[in-house]
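Visitor: See data_11.txt below, with compact mmCIF, N, CA and C atoms.
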# COMPACT_ATOMS: atom_id res chain seq x y z
N MET A 34 -22.83 21.77 15.54
CA MET A 34 -22.46 20.45 15.06
C MET A 34 -21.89 20.57 13.66
N TYR A 35 -20.73 19.98 13.43
CA TYR A 35 -20.06 20.02 12.13
C TYR A 35 -20.54 18.88 11.26
N VAL A 36 -20.97 19.22 10.06
CA VAL A 36 -21.38 18.21 9.09
C VAL A 36 -20.43 18.29 7.92
N PRO A 37 -19.73 17.19 7.59
CA PRO A 37 -18.78 17.25 6.47
C PRO A 37 -19.50 17.53 5.17
N ARG A 38 -18.86 18.34 4.33
CA ARG A 38 -19.46 18.72 3.05
C ARG A 38 -19.35 17.63 2.01
N MET A 39 -18.31 16.81 2.11
CA MET A 39 -18.10 15.76 1.11
C MET A 39 -18.80 14.48 1.55
N CYS A 40 -20.08 14.41 1.34
CA CYS A 40 -20.82 13.19 1.67
C CYS A 40 -21.47 12.65 0.41
N TRP A 41 -20.74 12.71 -0.73
CA TRP A 41 -21.29 12.31 -2.01
C TRP A 41 -21.37 10.81 -2.18
N CYS A 42 -20.64 10.06 -1.38
CA CYS A 42 -20.74 8.61 -1.50
C CYS A 42 -20.29 7.96 -0.20
N VAL A 43 -20.77 6.78 0.01
CA VAL A 43 -20.40 6.01 1.19
C VAL A 43 -19.65 4.79 0.71
N MET A 44 -18.39 4.70 1.11
CA MET A 44 -17.57 3.57 0.70
C MET A 44 -17.20 2.79 1.96
N SER A 45 -17.75 1.64 2.10
CA SER A 45 -17.43 0.86 3.29
C SER A 45 -16.92 -0.52 2.87
N SER A 46 -15.87 -0.92 3.54
CA SER A 46 -15.33 -2.26 3.35
C SER A 46 -15.16 -2.86 4.73
N GLN A 47 -15.50 -4.09 4.84
CA GLN A 47 -15.45 -4.74 6.13
C GLN A 47 -14.69 -6.04 6.01
N VAL A 48 -13.74 -6.22 6.93
CA VAL A 48 -12.97 -7.45 7.00
C VAL A 48 -13.09 -7.98 8.42
N LEU A 49 -13.55 -9.19 8.55
CA LEU A 49 -13.68 -9.80 9.88
C LEU A 49 -12.42 -10.58 10.20
N ILE A 50 -11.98 -10.45 11.45
CA ILE A 50 -10.76 -11.14 11.86
C ILE A 50 -11.04 -12.63 12.02
N ARG A 51 -10.13 -13.42 11.51
CA ARG A 51 -10.24 -14.87 11.61
C ARG A 51 -9.59 -15.34 12.91
N GLU A 52 -9.97 -16.50 13.34
CA GLU A 52 -9.44 -17.02 14.60
C GLU A 52 -7.94 -17.27 14.46
N GLY A 53 -7.17 -16.69 15.36
CA GLY A 53 -5.72 -16.88 15.36
C GLY A 53 -5.00 -16.04 14.32
N GLU A 54 -5.68 -15.08 13.69
CA GLU A 54 -5.06 -14.27 12.64
C GLU A 54 -4.36 -13.07 13.25
N SER A 55 -3.18 -12.75 12.74
CA SER A 55 -2.44 -11.60 13.24
C SER A 55 -3.00 -10.32 12.63
N GLN A 56 -2.67 -9.20 13.26
CA GLN A 56 -3.14 -7.91 12.75
C GLN A 56 -2.50 -7.57 11.41
N ASP A 57 -1.28 -8.03 11.22
CA ASP A 57 -0.61 -7.77 9.94
C ASP A 57 -1.33 -8.44 8.77
N SER A 58 -1.70 -9.69 8.96
CA SER A 58 -2.40 -10.39 7.87
C SER A 58 -3.80 -9.82 7.67
N LEU A 59 -4.43 -9.38 8.74
CA LEU A 59 -5.74 -8.74 8.63
C LEU A 59 -5.63 -7.44 7.82
N LEU A 60 -4.60 -6.66 8.12
CA LEU A 60 -4.37 -5.41 7.39
C LEU A 60 -4.07 -5.68 5.92
N ARG A 61 -3.27 -6.72 5.64
CA ARG A 61 -2.96 -7.08 4.25
C ARG A 61 -4.22 -7.48 3.49
N ARG A 62 -5.09 -8.26 4.14
CA ARG A 62 -6.35 -8.66 3.50
C ARG A 62 -7.24 -7.45 3.23
N PHE A 63 -7.28 -6.51 4.18
CA PHE A 63 -8.09 -5.31 3.99
C PHE A 63 -7.56 -4.47 2.84
N GLN A 64 -6.26 -4.26 2.79
CA GLN A 64 -5.66 -3.47 1.72
C GLN A 64 -5.90 -4.12 0.36
N LYS A 65 -5.79 -5.42 0.29
CA LYS A 65 -6.03 -6.14 -0.97
C LYS A 65 -7.48 -5.98 -1.41
N MET A 66 -8.41 -6.05 -0.44
CA MET A 66 -9.82 -5.90 -0.77
C MET A 66 -10.12 -4.49 -1.27
N VAL A 67 -9.51 -3.48 -0.66
CA VAL A 67 -9.70 -2.10 -1.09
C VAL A 67 -9.16 -1.91 -2.50
N GLN A 68 -8.01 -2.51 -2.80
CA GLN A 68 -7.43 -2.40 -4.14
C GLN A 68 -8.31 -3.05 -5.19
N THR A 69 -8.80 -4.25 -4.91
CA THR A 69 -9.59 -4.97 -5.90
C THR A 69 -10.97 -4.36 -6.10
N SER A 70 -11.51 -3.74 -5.06
CA SER A 70 -12.85 -3.16 -5.19
C SER A 70 -12.81 -1.80 -5.90
N GLY A 71 -11.65 -1.17 -5.98
CA GLY A 71 -11.53 0.09 -6.70
C GLY A 71 -11.99 1.30 -5.91
N ILE A 72 -12.03 1.20 -4.61
CA ILE A 72 -12.50 2.31 -3.77
C ILE A 72 -11.55 3.50 -3.89
N LEU A 73 -10.26 3.27 -3.80
CA LEU A 73 -9.30 4.38 -3.88
C LEU A 73 -9.31 5.04 -5.25
N ARG A 74 -9.42 4.23 -6.30
CA ARG A 74 -9.45 4.78 -7.65
C ARG A 74 -10.66 5.70 -7.82
N GLU A 75 -11.79 5.27 -7.30
CA GLU A 75 -13.01 6.08 -7.40
C GLU A 75 -12.88 7.36 -6.59
N ALA A 76 -12.32 7.26 -5.40
CA ALA A 76 -12.17 8.45 -4.55
C ALA A 76 -11.22 9.46 -5.19
N LYS A 77 -10.13 8.97 -5.77
CA LYS A 77 -9.19 9.88 -6.43
C LYS A 77 -9.82 10.52 -7.66
N ALA A 78 -10.64 9.77 -8.38
CA ALA A 78 -11.29 10.31 -9.57
C ALA A 78 -12.29 11.41 -9.21
N LYS A 79 -12.93 11.28 -8.07
CA LYS A 79 -13.94 12.26 -7.67
C LYS A 79 -13.39 13.34 -6.76
N ARG A 80 -12.08 13.38 -6.60
CA ARG A 80 -11.48 14.37 -5.71
C ARG A 80 -11.70 15.79 -6.24
N HIS A 81 -11.64 15.96 -7.55
CA HIS A 81 -11.82 17.27 -8.18
C HIS A 81 -12.90 17.17 -9.24
N PHE A 82 -13.59 18.27 -9.45
CA PHE A 82 -14.61 18.31 -10.49
C PHE A 82 -13.95 18.32 -11.86
N VAL A 83 -14.46 17.50 -12.76
CA VAL A 83 -13.97 17.45 -14.14
C VAL A 83 -15.17 17.70 -15.04
N SER A 84 -15.07 18.75 -15.87
CA SER A 84 -16.18 19.08 -16.75
C SER A 84 -16.33 18.01 -17.83
N LYS A 85 -17.46 18.01 -18.51
CA LYS A 85 -17.70 17.02 -19.55
C LYS A 85 -16.69 17.15 -20.68
N ARG A 86 -16.35 18.37 -21.00
CA ARG A 86 -15.38 18.61 -22.08
C ARG A 86 -14.01 18.05 -21.70
N ASP A 87 -13.58 18.32 -20.47
CA ASP A 87 -12.29 17.81 -20.02
C ASP A 87 -12.30 16.28 -19.94
N ALA A 88 -13.41 15.71 -19.49
CA ALA A 88 -13.51 14.26 -19.40
C ALA A 88 -13.41 13.64 -20.79
N ALA A 89 -14.04 14.25 -21.78
CA ALA A 89 -13.98 13.74 -23.15
C ALA A 89 -12.56 13.87 -23.71
N ARG A 90 -11.88 14.96 -23.38
CA ARG A 90 -10.51 15.17 -23.85
C ARG A 90 -9.57 14.12 -23.24
N ILE A 91 -9.73 13.85 -21.95
CA ILE A 91 -8.90 12.86 -21.28
C ILE A 91 -9.17 11.47 -21.84
N LYS A 92 -10.45 11.17 -22.09
CA LYS A 92 -10.81 9.87 -22.64
C LYS A 92 -10.21 9.68 -24.03
N ALA A 93 -10.26 10.72 -24.86
CA ALA A 93 -9.68 10.64 -26.21
C ALA A 93 -8.17 10.45 -26.13
N LYS A 94 -7.54 11.15 -25.20
CA LYS A 94 -6.09 11.03 -25.03
C LYS A 94 -5.71 9.61 -24.61
N ASN A 95 -6.47 9.03 -23.68
CA ASN A 95 -6.19 7.66 -23.24
C ASN A 95 -6.44 6.66 -24.36
N ASN A 96 -7.48 6.88 -25.16
CA ASN A 96 -7.76 5.99 -26.29
C ASN A 96 -6.63 6.02 -27.31
N ALA A 97 -6.13 7.22 -27.59
CA ALA A 97 -5.03 7.36 -28.55
C ALA A 97 -3.79 6.65 -28.03
N ARG A 98 -3.51 6.78 -26.75
CA ARG A 98 -2.35 6.12 -26.15
C ARG A 98 -2.50 4.60 -26.24
N ARG A 99 -3.72 4.11 -25.96
CA ARG A 99 -3.96 2.67 -26.01
C ARG A 99 -3.79 2.15 -27.44
N LYS A 100 -4.28 2.91 -28.43
CA LYS A 100 -4.15 2.48 -29.83
C LYS A 100 -2.70 2.46 -30.26
N ARG A 101 -1.91 3.45 -29.82
CA ARG A 101 -0.49 3.47 -30.15
C ARG A 101 0.22 2.26 -29.56
N ARG A 102 -0.12 1.91 -28.32
CA ARG A 102 0.51 0.76 -27.68
C ARG A 102 0.11 -0.54 -28.35
N GLN A 103 -1.14 -0.67 -28.77
CA GLN A 103 -1.59 -1.88 -29.42
C GLN A 103 -0.99 -2.01 -30.82
N GLY A 104 -0.72 -0.89 -31.48
CA GLY A 104 -0.14 -0.91 -32.81
C GLY A 104 1.31 -1.36 -32.81
N ASN A 105 2.03 -1.17 -31.71
CA ASN A 105 3.43 -1.52 -31.63
C ASN A 105 3.65 -3.00 -31.37
N THR A 106 2.66 -3.69 -30.87
CA THR A 106 2.86 -5.11 -30.55
C THR A 106 2.40 -6.00 -31.65
Before we go any further, please render this structure as structure tokens.

Guide:
Amino acid sequence: MYVPRMCWCVMSSQVLIREGESQDSLLRRFQKMVQTSGILREAKAKRHFVSKRDAARIKAKNNARRKRRQGNT
């Protein structure tokens, strides 16, 4: 029996079909819910291991970018 190695989190989203709703609108509602809940962002962030040092470096880089953008406006 194969057991997947990546079972670090369970991300479930559920959308119930409404009466008379087309599959296209159901899919659009599901995609919107996934976007707003941040499931894809979290999955992409956890795709690769990032050490504490690298995480701090990335955070500092993003902070510097944000400060530069705020200073221009």

Visitor: Would you list the contacts of segment 63-65 of chain A as a list of chain:residue names, taking every protein, DNA or RNA residue within 8 Å and counting only C-alpha atoms, but skipping same-chain residues closer than 6 positions in sequence?

Guide: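 The residues satisfying every condition are A:Ser46, A:Gln47, A:Val48.
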
Visitor: Report as a ChimeraX atom specification: the residues of chain A with a DSSP assignment of alpha helix (DSSP H), based on the backbone of this structure.

Guide: /A:56-70,72-78,85-105

Visitor: So how far away is atom N of Leu49 of chain A from atom CA of Arg62 of chain A, in Å?

Guide: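 Computed distance, atom CA of Arg62 of chain A to atom N of Leu49 of chain A, equals 8.8 Å.
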
Visitor: Would you work out the distance separating atom CA of Ala78 of chain A from atom CA of Lys94 of chain A, expressed in Å to one decimal?

Guide: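 Computing the Euclidean distance for atom CA of Ala78 of chain A and atom CA of Lys94 of chain A yields 16.3 Å.
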
Visitor: Can you work out the spacing between atom N of Arg61 of chain A and atom N of His81 of chain A in Å, to one decimal?

Guide: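 The value is 27.5 Å.
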